$ cat structure.csv   # CSV, C-alpha atoms
chain,number,residue,atom,x,y,z
A,22,MET,CA,14.1,23.5,-2.3
A,23,LEU,CA,10.8,21.8,-1.6
A,24,SER,CA,9.5,19.6,1.1
A,25,TYR,CA,8.9,16.0,0.2
A,26,ALA,CA,5.2,16.5,0.3
A,27,GLU,CA,5.4,19.5,-2.0
A,28,ALA,CA,7.6,17.8,-4.5
A,29,ALA,CA,5.5,14.6,-4.5
A,30,ARG,CA,2.3,16.6,-5.1
A,31,LEU,CA,3.9,18.5,-8.0
A,32,VAL,CA,5.1,15.3,-9.7
A,33,ARG,CA,1.7,13.7,-9.2
A,34,GLU,CA,-0.1,16.6,-10.9
A,35,HIS,CA,2.1,16.3,-13.9
A,36,ALA,CA,1.7,12.5,-13.9
A,37,ALA,CA,-2.1,12.9,-13.8
A,38,SER,CA,-2.0,15.2,-16.9
A,39,LEU,CA,0.0,12.6,-18.8
A,40,SER,CA,-2.4,9.8,-17.9
A,41,GLN,CA,-5.2,11.6,-19.9
A,42,GLN,CA,-3.2,11.7,-23.1
A,43,ILE,CA,-4.0,9.4,-26.1
A,44,ARG,CA,-1.3,6.7,-26.6
A,45,ALA,CA,-0.7,3.8,-28.9
A,46,ALA,CA,-1.8,0.3,-28.0
A,47,GLU,CA,-0.9,-3.2,-29.1
A,48,ALA,CA,-2.3,-6.7,-28.7
A,49,VAL,CA,-0.2,-9.1,-26.6
A,50,ASP,CA,-0.8,-12.7,-25.5
A,51,LEU,CA,-2.4,-13.0,-22.1
A,52,LEU,CA,0.7,-13.9,-20.0
A,53,GLY,CA,2.7,-11.2,-21.9
A,54,SER,CA,0.3,-8.6,-20.5
A,55,LEU,CA,1.6,-9.1,-17.0
A,56,GLY,CA,2.8,-5.7,-15.6
A,57,ARG,CA,1.4,-3.9,-18.7
A,58,THR,CA,-1.4,-1.3,-18.6
A,59,LEU,CA,-4.7,-2.3,-20.1
A,60,ALA,CA,-5.8,-0.2,-23.1
A,61,ALA,CA,-9.3,-1.8,-23.6
A,62,PRO,CA,-11.5,-3.1,-20.8
A,63,VAL,CA,-12.1,-6.8,-20.3
A,64,ILE,CA,-15.8,-7.5,-20.7
A,65,ALA,CA,-17.7,-10.5,-19.2
A,66,ASP,CA,-18.7,-12.8,-22.1
A,67,ARG,CA,-21.4,-14.5,-20.0
A,68,ASP,CA,-22.9,-14.2,-16.6
A,69,GLN,CA,-20.5,-15.1,-13.8
A,70,PRO,CA,-21.2,-17.6,-12.4
A,71,PRO,CA,-23.2,-18.9,-15.4
A,72,PHE,CA,-25.3,-21.1,-13.1
A,73,PRO,CA,-26.2,-21.1,-9.4
A,74,ARG,CA,-23.0,-22.6,-7.9
A,75,SER,CA,-22.6,-24.6,-4.7
A,76,THR,CA,-19.9,-23.2,-2.4
A,77,ARG,CA,-19.7,-26.3,-0.2
A,78,ASP,CA,-19.5,-30.1,-0.4
A,79,GLY,CA,-22.8,-31.3,1.0
A,80,PHE,CA,-26.4,-31.8,0.0
A,81,ALA,CA,-28.6,-29.7,-2.2
A,82,CYS,CA,-32.1,-29.4,-0.7
A,83,ARG,CA,-34.9,-27.1,0.4
A,84,ALA,CA,-34.4,-25.0,3.5
A,85,ALA,CA,-38.0,-25.6,4.5
A,86,ASP,CA,-37.5,-29.4,4.5
A,87,LEU,CA,-34.6,-29.6,7.0
A,88,ALA,CA,-36.7,-30.2,10.1
A,89,SER,CA,-37.3,-33.8,8.8
A,90,PRO,CA,-35.0,-36.5,7.4
A,91,LEU,CA,-34.3,-36.2,3.7
A,92,LEU,CA,-34.0,-38.9,1.1
A,93,VAL,CA,-30.8,-38.7,-1.0
A,94,VAL,CA,-31.7,-39.3,-4.6
A,95,GLY,CA,-28.4,-38.8,-6.4
A,96,GLN,CA,-25.0,-37.3,-6.6
A,97,LEU,CA,-23.7,-34.3,-8.5
A,98,ARG,CA,-20.0,-33.4,-9.2
A,99,ALA,CA,-18.4,-30.2,-10.4
A,100,GLY,CA,-18.6,-30.2,-14.2
A,101,GLU,CA,-21.8,-32.1,-14.3
A,102,VAL,CA,-25.4,-31.0,-14.8
A,103,TRP,CA,-28.3,-32.8,-12.9
A,104,SER,CA,-30.2,-34.8,-15.5
A,105,GLY,CA,-32.8,-36.3,-13.2
A,106,PRO,CA,-36.2,-35.0,-12.4
A,107,GLU,CA,-36.6,-31.7,-10.4
A,108,LEU,CA,-35.9,-32.1,-6.7
A,109,GLN,CA,-39.1,-32.8,-4.8
A,110,PRO,CA,-40.0,-31.9,-1.2
A,111,GLY,CA,-38.2,-34.2,1.3
A,112,GLN,CA,-35.4,-35.0,-1.2
A,113,ALA,CA,-31.7,-34.1,-1.3
A,114,ILE,CA,-28.9,-34.5,-3.8
A,115,GLU,CA,-25.3,-35.0,-2.7
A,116,ILE,CA,-23.3,-32.1,-4.3
A,117,MET,CA,-19.7,-31.1,-4.6
A,118,THR,CA,-18.2,-27.6,-4.4
A,119,GLY,CA,-18.5,-25.8,-7.7
A,120,ALA,CA,-21.3,-27.9,-9.1
A,121,PRO,CA,-24.5,-26.4,-10.5
A,122,VAL,CA,-27.3,-26.4,-8.0
A,123,PRO,CA,-30.1,-28.6,-9.4
A,124,SER,CA,-33.6,-27.1,-10.0
A,125,GLY,CA,-35.8,-27.3,-6.9
A,126,ALA,CA,-33.0,-26.9,-4.4
A,127,ASP,CA,-32.6,-23.5,-2.6
A,128,CYS,CA,-29.7,-24.2,-0.2
A,129,ILE,CA,-26.7,-26.5,0.5
A,130,LEU,CA,-26.4,-28.3,3.7
A,131,MET,CA,-22.7,-28.7,4.5
A,132,ILE,CA,-21.6,-32.4,4.7
A,133,GLU,CA,-20.1,-31.9,8.2
A,134,HIS,CA,-23.5,-30.7,9.4
A,135,ALA,CA,-25.4,-33.8,8.1
A,136,ALA,CA,-25.8,-37.1,9.9
A,137,VAL,CA,-26.0,-39.9,7.2
A,138,ASP,CA,-28.2,-42.9,7.9
A,139,GLY,CA,-28.3,-45.1,4.8
A,140,PRO,CA,-30.1,-43.3,2.0
A,141,ARG,CA,-31.3,-40.6,4.3
A,142,ILE,CA,-29.7,-37.6,6.1
A,143,ARG,CA,-30.8,-35.5,9.0
A,144,THR,CA,-29.6,-32.3,10.6
A,145,GLU,CA,-30.3,-30.0,13.6
A,146,ARG,CA,-29.2,-27.0,11.5
A,147,LYS,CA,-31.6,-24.4,10.1
A,148,LEU,CA,-30.6,-22.8,6.8
A,149,ASP,CA,-32.0,-19.8,4.9
A,150,PRO,CA,-32.9,-20.1,1.2
A,151,GLY,CA,-29.8,-19.2,-0.8
A,152,GLU,CA,-27.3,-20.3,1.9
A,153,ASN,CA,-24.1,-21.7,0.5
A,154,ILE,CA,-25.2,-20.9,-3.1
A,155,ILE,CA,-23.7,-18.2,-5.4
A,156,ALA,CA,-26.6,-17.1,-7.6
A,157,ALA,CA,-26.1,-17.1,-11.4
A,158,GLY,CA,-24.9,-13.6,-12.5
A,159,SER,CA,-24.3,-12.4,-8.9
A,160,GLU,CA,-20.6,-11.8,-9.6
A,161,ALA,CA,-21.0,-10.1,-13.0
A,162,ARG,CA,-23.6,-10.0,-15.8
A,163,MET,CA,-22.7,-10.6,-19.4
A,164,GLY,CA,-21.4,-7.4,-20.9
A,165,ALA,CA,-20.2,-6.0,-17.6
A,166,THR,CA,-16.7,-4.4,-17.3
A,167,LEU,CA,-14.6,-6.8,-15.2
A,168,ILE,CA,-11.2,-4.9,-15.6
A,169,PRO,CA,-11.3,-1.3,-16.7
A,170,ALA,CA,-8.8,0.3,-19.1
A,171,GLY,CA,-5.9,1.8,-17.2
A,172,THR,CA,-5.4,-1.2,-14.9
A,173,ARG,CA,-1.9,-2.4,-14.5
A,174,ILE,CA,-2.2,-6.1,-15.1
A,175,GLY,CA,-1.5,-8.5,-12.2
A,176,ALA,CA,-2.1,-12.2,-11.6
A,177,GLN,CA,-5.6,-11.6,-10.4
A,178,HIS,CA,-6.4,-9.8,-13.7
A,179,ILE,CA,-4.9,-12.6,-15.7
A,180,ALA,CA,-7.3,-15.0,-14.0
A,181,ALA,CA,-10.3,-12.8,-14.7
A,182,ALA,CA,-9.3,-12.3,-18.3
A,183,ALA,CA,-8.7,-16.1,-18.8
A,184,ALA,CA,-12.2,-16.8,-17.4
A,185,CYS,CA,-13.6,-14.6,-20.2
A,186,GLY,CA,-11.7,-16.4,-22.8
A,187,CYS,CA,-9.2,-13.6,-23.5
A,188,ALA,CA,-6.2,-15.2,-25.2
A,189,GLU,CA,-4.9,-11.7,-25.9
A,190,LEU,CA,-5.3,-8.3,-24.3
A,191,GLN,CA,-4.9,-4.8,-25.7
A,192,VAL,CA,-2.3,-2.9,-23.7
A,193,TYR,CA,-0.6,0.4,-24.1
A,194,THR,CA,2.9,0.4,-25.6
A,195,ARG,CA,5.6,0.7,-23.0
A,196,PRO,CA,7.0,4.2,-22.4
A,197,ARG,CA,10.6,4.4,-23.5
A,198,VAL,CA,12.8,5.8,-20.8
A,199,ALA,CA,16.3,7.1,-21.6
A,200,ILE,CA,18.9,6.4,-18.9
A,201,LEU,CA,22.0,8.7,-18.9
A,202,ALA,CA,24.6,8.0,-16.2
A,203,THR,CA,27.1,10.8,-15.8
A,204,GLY,CA,30.5,11.0,-14.3
A,205,ASP,CA,34.2,10.8,-15.3
A,206,GLU,CA,34.6,8.2,-12.5
A,207,LEU,CA,32.3,5.7,-14.2
A,208,VAL,CA,33.4,2.6,-16.2
A,209,ALA,CA,31.3,-0.1,-17.9
A,210,ILE,CA,30.3,-3.0,-15.6
A,211,ASP,CA,32.5,-5.5,-17.5
A,212,ALA,CA,35.6,-3.3,-17.2
A,213,VAL,CA,38.3,-3.7,-14.5
A,214,PRO,CA,38.2,-0.4,-12.7
A,215,LEU,CA,41.3,1.5,-11.6
A,216,ILE,CA,41.5,2.5,-8.0
A,217,HIS,CA,39.8,5.8,-8.6
A,218,GLN,CA,37.0,4.4,-10.8
A,219,ILE,CA,33.6,2.7,-10.1
A,220,ARG,CA,31.4,0.6,-12.3
A,221,ASN,CA,28.2,2.1,-13.7
A,222,SER,CA,25.6,0.4,-11.5
A,223,ASN,CA,23.1,3.2,-11.6
A,224,SER,CA,22.1,2.6,-15.2
A,225,TYR,CA,21.2,-1.0,-14.3
A,226,SER,CA,19.4,-0.4,-11.1
A,227,THR,CA,17.4,2.3,-12.9
A,228,ALA,CA,16.7,0.0,-15.8
A,229,ALA,CA,15.5,-2.7,-13.4
A,230,GLN,CA,13.1,-0.2,-11.7
A,231,ILE,CA,11.8,0.9,-15.1
A,232,LEU,CA,11.1,-2.7,-16.2
A,233,ALA,CA,9.4,-3.4,-12.8
A,234,HIS,CA,7.0,-0.5,-13.5
A,235,GLY,CA,6.1,-1.3,-17.0
A,236,GLY,CA,8.6,0.9,-19.0
A,237,GLN,CA,11.2,0.1,-21.6
A,238,PRO,CA,14.6,1.2,-20.5
A,239,VAL,CA,17.0,2.6,-23.1
A,240,LEU,CA,20.6,2.6,-21.8
A,241,PHE,CA,22.9,5.3,-23.3
A,242,PRO,CA,26.7,5.3,-23.0
A,243,ILE,CA,28.2,6.9,-19.9
A,244,VAL,CA,28.2,10.7,-20.2
A,245,ARG,CA,31.5,12.4,-19.3
A,246,ASP,CA,31.7,15.5,-17.2
A,247,ASP,CA,31.9,17.9,-20.1
A,248,LEU,CA,29.2,20.5,-20.9
A,249,PRO,CA,29.0,20.1,-24.7
A,250,THR,CA,29.2,16.3,-24.4
A,251,MET,CA,26.3,16.4,-21.9
A,252,GLU,CA,24.2,18.6,-24.0
A,253,ASP,CA,24.7,16.4,-27.0
A,254,ALA,CA,23.8,13.2,-25.0
A,255,ILE,CA,20.6,14.9,-23.7
A,256,GLU,CA,19.5,16.0,-27.2
A,257,ARG,CA,20.0,12.5,-28.5
A,258,ALA,CA,17.8,11.1,-25.8
A,259,LEU,CA,14.8,13.4,-26.6
A,260,ASP,CA,13.1,10.8,-28.8
A,261,SER,CA,12.3,8.8,-25.6
A,262,ASP,CA,9.2,9.5,-23.5
A,263,LEU,CA,11.2,10.2,-20.3
A,264,LEU,CA,14.8,11.1,-19.4
A,265,ILE,CA,16.5,9.9,-16.3
A,266,LEU,CA,19.9,11.3,-15.6
A,267,SER,CA,22.0,10.2,-12.6
A,268,GLY,CA,24.9,12.2,-11.2
A,269,GLY,CA,26.1,15.7,-11.9
A,270,VAL,CA,23.2,17.5,-10.1
A,271,SER,CA,25.1,18.7,-7.0
A,272,MET,CA,27.1,21.9,-6.5
A,273,GLY,CA,30.5,20.6,-7.6
A,274,LYS,CA,32.6,22.3,-10.2
A,275,TYR,CA,32.1,19.6,-12.7
A,276,ASP,CA,28.4,19.0,-12.1
A,277,PHE,CA,27.1,20.1,-15.5
A,278,VAL,CA,23.6,18.5,-15.7
A,279,GLU,CA,21.6,21.5,-14.7
A,280,GLN,CA,23.6,23.9,-16.8
A,281,ALA,CA,23.3,21.5,-19.8
A,282,LEU,CA,19.5,21.4,-19.3
A,283,LEU,CA,19.3,25.1,-19.0
A,284,ASN,CA,21.2,25.6,-22.2
A,285,LEU,CA,18.7,23.3,-23.9
A,286,ARG,CA,15.8,25.6,-22.6
A,287,ALA,CA,14.6,23.3,-19.8
A,288,GLU,CA,11.7,24.3,-17.6
A,289,PHE,CA,12.5,23.3,-13.9
A,290,PHE,CA,9.8,22.4,-11.5
A,291,PHE,CA,12.1,21.8,-8.6
A,292,THR,CA,15.9,21.7,-8.1
A,293,GLY,CA,16.1,20.1,-4.7
A,294,VAL,CA,14.0,18.4,-2.1
A,295,ARG,CA,14.4,18.3,1.7
A,296,ILE,CA,15.0,14.5,1.8
A,297,GLN,CA,17.8,12.2,2.8
A,298,PRO,CA,19.1,10.6,0.6
A,299,GLY,CA,18.4,12.5,-2.6
A,300,ARG,CA,18.3,16.1,-1.7
A,301,PRO,CA,19.7,17.5,-5.0
A,302,ALA,CA,17.0,15.8,-7.1
A,303,VAL,CA,15.8,17.8,-10.1
A,304,PHE,CA,12.5,17.6,-12.1
A,305,GLY,CA,11.5,19.5,-15.2
A,306,ARG,CA,10.8,19.2,-18.9
A,307,LEU,CA,12.5,20.0,-22.2
A,308,PRO,CA,11.1,21.2,-25.5
A,309,SER,CA,11.3,18.7,-28.3
A,310,THR,CA,10.0,18.3,-31.8
A,311,SER,CA,6.9,16.5,-30.6
A,312,GLY,CA,6.0,18.7,-27.6
A,313,HIS,CA,8.1,18.3,-24.5
A,314,ARG,CA,9.9,15.6,-22.6
A,315,TYR,CA,10.0,15.3,-18.8
A,316,PHE,CA,13.3,14.6,-17.1
A,317,PHE,CA,14.6,13.8,-13.7
A,318,GLY,CA,18.1,14.6,-12.6
A,319,LEU,CA,18.8,12.1,-9.8
A,320,PRO,CA,21.8,12.2,-7.4
A,321,GLY,CA,24.6,9.8,-8.5
A,322,ASN,CA,25.1,7.9,-5.2
A,323,PRO,CA,23.4,4.5,-5.7
A,324,VAL,CA,21.0,4.6,-2.7
A,325,SER,CA,20.0,8.1,-3.6
A,326,THR,CA,19.2,7.0,-7.2
A,327,LEU,CA,17.1,4.1,-6.0
A,328,VAL,CA,15.1,6.2,-3.5
A,329,THR,CA,14.5,9.2,-5.7
A,330,PHE,CA,13.4,7.0,-8.7
A,331,ALA,CA,10.9,5.2,-6.5
A,332,LEU,CA,9.6,8.5,-5.0
A,333,PHE,CA,9.4,10.7,-8.1
A,334,ALA,CA,9.9,8.8,-11.3
A,335,THR,CA,7.5,6.0,-10.7
A,336,PRO,CA,4.3,8.2,-10.7
A,337,LEU,CA,5.4,9.9,-13.9
A,338,LEU,CA,6.1,6.5,-15.5
A,339,ALA,CA,2.6,5.4,-14.4
A,340,GLY,CA,1.1,8.4,-16.1
A,341,LEU,CA,3.0,7.7,-19.3
A,342,SER,CA,1.7,4.1,-19.1
A,343,GLY,CA,-1.9,5.3,-19.0
A,344,GLN,CA,-2.6,4.4,-15.4
A,345,PRO,CA,-5.1,6.6,-13.4
A,346,VAL,CA,-3.9,8.8,-10.6
A,347,SER,CA,-5.3,6.4,-8.0
A,348,ALA,CA,-3.0,3.6,-9.1
A,349,MET,CA,0.2,5.6,-9.2
A,350,SER,CA,3.2,4.7,-7.1
A,351,PRO,CA,5.1,5.0,-4.8
A,352,ARG,CA,3.5,2.5,-2.4
A,353,PHE,CA,3.7,3.1,1.3
A,354,ALA,CA,2.6,0.9,4.2
A,355,GLU,CA,2.8,0.9,8.0
A,356,ALA,CA,4.9,-1.2,10.4
A,357,HIS,CA,6.1,-1.2,14.0
A,358,LEU,CA,9.6,0.0,14.6
A,359,ALA,CA,11.8,-2.8,15.9
A,360,THR,CA,14.4,-0.6,17.6
A,361,ASP,CA,14.9,2.9,18.9
A,362,LEU,CA,15.9,5.6,16.3
A,363,LYS,CA,17.4,9.0,16.8
A,364,GLY,CA,15.6,11.9,15.1
A,365,LYS,CA,17.0,14.4,12.7
A,366,PRO,CA,14.5,17.1,12.1
A,367,GLY,CA,14.6,19.2,8.9
A,368,LEU,CA,14.7,16.4,6.3
A,369,THR,CA,12.3,13.6,5.4
A,370,ARG,CA,14.6,10.6,5.7
A,371,PHE,CA,14.3,7.3,3.8
A,372,LEU,CA,16.5,4.8,5.6
A,373,PRO,CA,17.5,1.4,4.3
A,374,ALA,CA,15.5,-1.1,6.3
A,375,HIS,CA,14.3,-4.7,6.4
A,376,LEU,CA,10.6,-5.6,6.9
A,377,GLU,CA,9.6,-8.8,8.6
A,378,SER,CA,5.9,-9.6,8.8
A,379,ASP,CA,3.3,-12.3,9.5
A,380,ALA,CA,-0.5,-12.3,9.7
A,381,SER,CA,-0.5,-10.4,13.0
A,382,ARG,CA,2.3,-7.8,12.9
A,383,ALA,CA,4.8,-6.1,10.7
A,384,LEU,CA,8.2,-5.1,12.1
A,385,VAL,CA,10.8,-2.9,10.4
A,386,ASN,CA,14.4,-2.8,11.3
A,387,PRO,CA,16.8,0.0,10.1
A,388,ILE,CA,19.9,-1.4,8.4
A,389,PRO,CA,23.2,0.2,9.5
A,390,TRP,CA,24.6,2.1,6.5
A,391,GLN,CA,27.5,4.3,5.6
A,392,GLY,CA,25.5,6.9,3.6
A,393,SER,CA,24.0,7.0,0.2
A,394,GLY,CA,26.9,5.3,-1.5
A,395,ASP,CA,26.5,2.1,0.5
A,396,GLN,CA,25.4,-0.5,-1.9
A,397,THR,CA,26.0,-3.3,0.5
A,398,ALA,CA,23.4,-1.9,2.8
A,399,ALA,CA,21.0,-1.3,-0.1
A,400,ALA,CA,21.3,-4.9,-1.2
A,401,GLN,CA,20.0,-6.0,2.2
A,402,THR,CA,16.9,-3.8,2.1
A,403,ASN,CA,13.4,-4.7,1.1
A,404,CYS,CA,11.9,-1.3,2.1
A,405,PHE,CA,12.9,2.2,3.3
A,406,LEU,CA,11.9,3.4,6.7
A,407,VAL,CA,10.3,6.9,6.4
A,408,VAL,CA,11.1,9.4,9.1
A,409,PRO,CA,9.1,12.6,8.7
A,410,GLU,CA,10.7,16.0,8.4
A,411,GLU,CA,9.4,17.1,11.8
A,412,SER,CA,10.0,13.9,13.6
A,413,GLY,CA,12.1,13.6,16.8
A,414,ASP,CA,13.4,10.4,18.4
A,415,LEU,CA,11.4,7.3,17.7
A,416,SER,CA,11.0,4.4,20.1
A,417,THR,CA,10.7,0.7,19.7
A,418,GLY,CA,7.1,-0.2,18.9
A,419,ASN,CA,6.2,3.1,17.3
A,420,ARG,CA,4.1,2.9,14.1
A,421,VAL,CA,6.1,4.2,11.2
A,422,SER,CA,5.6,4.5,7.4
A,423,ILE,CA,7.7,2.4,5.0
A,424,LEU,CA,8.4,2.9,1.3
A,425,LEU,CA,7.9,-0.4,-0.4
A,426,LEU,CA,10.2,-1.5,-3.2
$ encode --input "structure.csv" --output "structure tokens"
Amino acid sequence: MLSYAEAARLVREHAASLSQQIRAAEAVDLLGSLGRTLAAPVIADRDQPPFPRSTRDGFACRAADLASPLLVVGQLRAGEVWSGPELQPGQAIEIMTGAPVPSGADCILMIEHAAVDGPRIRTERKLDPGENIIAAGSEARMGATLIPAGTRIGAQHIAAAAACGCAELQVYTRPRVAILATGDELVAIDAVPLIHQIRNSNSYSTAAQILAHGGQPVLFPIVRDDLPTMEDAIERALDSDLLILSGGVSMGKYDFVEQALLNLRAEFFFTGVRIQPGRPAVFGRLPSTSGHRYFFGLPGNPVSTLVTFALFATPLLAGLSGQPVSAMSPRFAEAHLATDLKGKPGLTRFLPAHLESDASRALVNPIPWQGSGDQTAAAQTNCFLVVPEESGDLSTGNRVSILLL
């Protein structure tokens, strides 16, 4: 039974080793790369910007000339190149944001700082050479790496790749993640459950988390609480890159997951973590024909499954996707507590919560819940409030950590 910090460090170490392995790549169209991991860097195909660029609407001129009125000799819009003679002392050219700065000008006087008097302008401002101009190549030189391999592609990377003319990107193939939900009480989501049965929601919440983190979920049929059946199901899932089992990891008479894994010669790294929810979580690896396969045995209660996947499976999934350690989830942030909260030392708690934020402050409110089976509470969350293992009572306004979803 490890602390959360010990278990997280252990998972991260294994994830880091996976991120160094050679993996297959494929070419996908630019928008199809969103959320995928870049396999080959994006290289600047020309200087950025390719010309000295005006950052303001105003007048291109010489900084040394601003003490006297300037004669406006033309206008330049974005997308145009100045075709007239080189700017002479005492002259200015009206220019729009994004336009190439004409030869002879060394600054841009903002339009709101200029007094216009017919064909002339004047100002009381003093500018330095280069002010309101982005120099050619100052953002990146041709041949520079703009996006390194291992980056998980977001909208900002799509924009940078598009600016380099990349209609396709090389990305690593998605890790295949086998999902095995266990339990005699489970039925398919399209079934009408009897009073003692529940629909198999865990397979779908786990699949959604896998998709959100760049993996390819592989849903297996529900696994019944029978040791030979469970062993067979696990063996059939070994052609995936990662196995996620939910349920059957507690101490009940029919919790066979750990025994089935042991019978298949599993190596366990931990078999419990001092957290709430998710204390019985299991992490290890199994031998297979192509090396070994990592697995997580997650508690079957839906909130426990959500939390433990976010805490432990996401870093390993990032490693399998080729992401560097620095980019690996889970993601935490800080907020101010919106209400008093009773402490419960001995466990790191991850409580369903709702984060409200604006530009000045982030407030987090715990959501009342009935334990780790409360899907109604889970559906109202957008984060989990983190209460450290050693924490006592917390007061309104305290700074606290939150686990982002």
$ atom_distance --input "structure.csv" --atom1 "CA of Gly293 (chain A)" --atom2 "CA of Ser325 (chain A)"
12.7 Å
$ atom_distance --input "structure.csv" --atom1 "CA of Thr310 (chain A)" --atom2 "CA of Ser261 (chain A)"
11.6 Å
$ residues_around --input "structure.csv" --residues "Ala61 (chain A)" --least-positions-apart "6" --cutoff "8 Å" --atoms "all atoms listed in the file" --output "list in words"
Pro169, Ala170, Leu190, Gln191 and Val192 of chain A
$ closest_residue --input "structure.csv" --among "A:Cys185, A:Val294, A:Ala359, A:Leu130" --to "Arg162 (chain A)" --atoms "all atoms listed in the file"
A:Cys185
$ closest_residue --input "structure.csv" --among "A:Ala156, A:Arg382, A:Ile210, A:Ser416" --to "Thr360 (chain A)" --atoms "only C-alpha atoms"
A:Ser416
$ residues_around --input "structure.csv" --residues "region 393-402 of chain A" --least-positions-apart "2" --cutoff "7 Å" --atoms "all atoms listed in the file" --output "list in words"
Pro298, Asn322, Pro323, Val324, Ser325, Pro373, Ala374, His375, Ile388, Trp390, Gln391 and Cys404 of chain A
$ closest_residue --input "structure.csv" --among "A:Pro196, A:Gly305, A:Pro62, A:Gly235" --to "Phe290 (chain A)" --atoms "only C-alpha atoms"
A:Gly305
$ closest_residue --input "structure.csv" --among "A:Ile132, A:Leu332, A:Ala157, A:Ile231" --to "Met349 (chain A)" --atoms "all atoms listed in the file"
A:Leu332
$ atom_distance --input "structure.csv" --atom1 "CA of Asn284 (chain A)" --atom2 "CA of Val328 (chain A)"
27.6 Å
$ axis_aligned_box --input "structure.csv" --around "region 156-161 of chain A" --padding-each-side "4 Å" --output "lines of an AutoDock Vina configuration file"
center_x = -23.6
center_y = -13.6
center_z = -10.3
size_x = 14.0
size_y = 15.0
size_z = 13.4
$ build_atoms --input "structure.csv" --residues "region 99-115 of chain A" --atoms "N, CA and C atoms" --output "PDB file, keeping the file's coordinate frame"
ATOM      1  N   ALA A  99     -18.766 -31.414  -9.623  1.00  0.00           N
ATOM      2  CA  ALA A  99     -18.400 -30.200 -10.400  1.00  0.00           C
ATOM      3  C   ALA A  99     -18.168 -30.655 -11.850  1.00  0.00           C
ATOM      4  N   GLY A 100     -18.697 -29.878 -12.796  1.00  0.00           N
ATOM      5  CA  GLY A 100     -18.600 -30.200 -14.200  1.00  0.00           C
ATOM      6  C   GLY A 100     -19.711 -31.034 -14.739  1.00  0.00           C
ATOM      7  N   GLU A 101     -20.651 -31.394 -13.862  1.00  0.00           N
ATOM      8  CA  GLU A 101     -21.800 -32.100 -14.300  1.00  0.00           C
ATOM      9  C   GLU A 101     -23.080 -31.274 -14.141  1.00  0.00           C
ATOM     10  N   VAL A 102     -24.110 -31.642 -14.865  1.00  0.00           N
ATOM     11  CA  VAL A 102     -25.400 -31.000 -14.800  1.00  0.00           C
ATOM     12  C   VAL A 102     -26.419 -32.089 -14.341  1.00  0.00           C
ATOM     13  N   TRP A 103     -27.291 -31.787 -13.381  1.00  0.00           N
ATOM     14  CA  TRP A 103     -28.300 -32.800 -12.900  1.00  0.00           C
ATOM     15  C   TRP A 103     -29.249 -33.076 -14.062  1.00  0.00           C
ATOM     16  N   SER A 104     -29.338 -34.367 -14.399  1.00  0.00           N
ATOM     17  CA  SER A 104     -30.200 -34.800 -15.500  1.00  0.00           C
ATOM     18  C   SER A 104     -31.451 -35.495 -15.051  1.00  0.00           C
ATOM     19  N   GLY A 105     -31.601 -35.662 -13.745  1.00  0.00           N
ATOM     20  CA  GLY A 105     -32.800 -36.300 -13.200  1.00  0.00           C
ATOM     21  C   GLY A 105     -33.951 -35.364 -13.105  1.00  0.00           C
ATOM     22  N   PRO A 106     -35.037 -35.833 -12.553  1.00  0.00           N
ATOM     23  CA  PRO A 106     -36.200 -35.000 -12.400  1.00  0.00           C
ATOM     24  C   PRO A 106     -35.948 -33.883 -11.348  1.00  0.00           C
ATOM     25  N   GLU A 107     -36.749 -32.830 -11.387  1.00  0.00           N
ATOM     26  CA  GLU A 107     -36.600 -31.700 -10.400  1.00  0.00           C
ATOM     27  C   GLU A 107     -36.737 -32.242  -9.020  1.00  0.00           C
ATOM     28  N   LEU A 108     -35.907 -31.684  -8.152  1.00  0.00           N
ATOM     29  CA  LEU A 108     -35.900 -32.100  -6.700  1.00  0.00           C
ATOM     30  C   LEU A 108     -37.274 -31.869  -6.123  1.00  0.00           C
ATOM     31  N   GLN A 109     -37.756 -32.880  -5.444  1.00  0.00           N
ATOM     32  CA  GLN A 109     -39.100 -32.800  -4.800  1.00  0.00           C
ATOM     33  C   GLN A 109     -38.922 -32.545  -3.308  1.00  0.00           C
ATOM     34  N   PRO A 110     -40.014 -32.079  -2.663  1.00  0.00           N
ATOM     35  CA  PRO A 110     -40.000 -31.900  -1.200  1.00  0.00           C
ATOM     36  C   PRO A 110     -39.564 -33.191  -0.512  1.00  0.00           C
ATOM     37  N   GLY A 111     -38.693 -33.050   0.503  1.00  0.00           N
ATOM     38  CA  GLY A 111     -38.200 -34.200   1.300  1.00  0.00           C
ATOM     39  C   GLY A 111     -37.042 -34.911   0.627  1.00  0.00           C
ATOM     40  N   GLN A 112     -36.538 -34.413  -0.502  1.00  0.00           N
ATOM     41  CA  GLN A 112     -35.400 -35.000  -1.200  1.00  0.00           C
ATOM     42  C   GLN A 112     -34.146 -34.162  -1.071  1.00  0.00           C
ATOM     43  N   ALA A 113     -32.992 -34.778  -1.283  1.00  0.00           N
ATOM     44  CA  ALA A 113     -31.700 -34.100  -1.300  1.00  0.00           C
ATOM     45  C   ALA A 113     -30.819 -34.737  -2.362  1.00  0.00           C
ATOM     46  N   ILE A 114     -29.875 -33.985  -2.888  1.00  0.00           N
ATOM     47  CA  ILE A 114     -28.900 -34.500  -3.800  1.00  0.00           C
ATOM     48  C   ILE A 114     -27.510 -34.189  -3.283  1.00  0.00           C
ATOM     49  N   GLU A 115     -26.685 -35.218  -3.166  1.00  0.00           N
ATOM     50  CA  GLU A 115     -25.300 -35.000  -2.700  1.00  0.00           C
ATOM     51  C   GLU A 115     -24.611 -34.130  -3.806  1.00  0.00           C
TER      52      GLU A 115
END
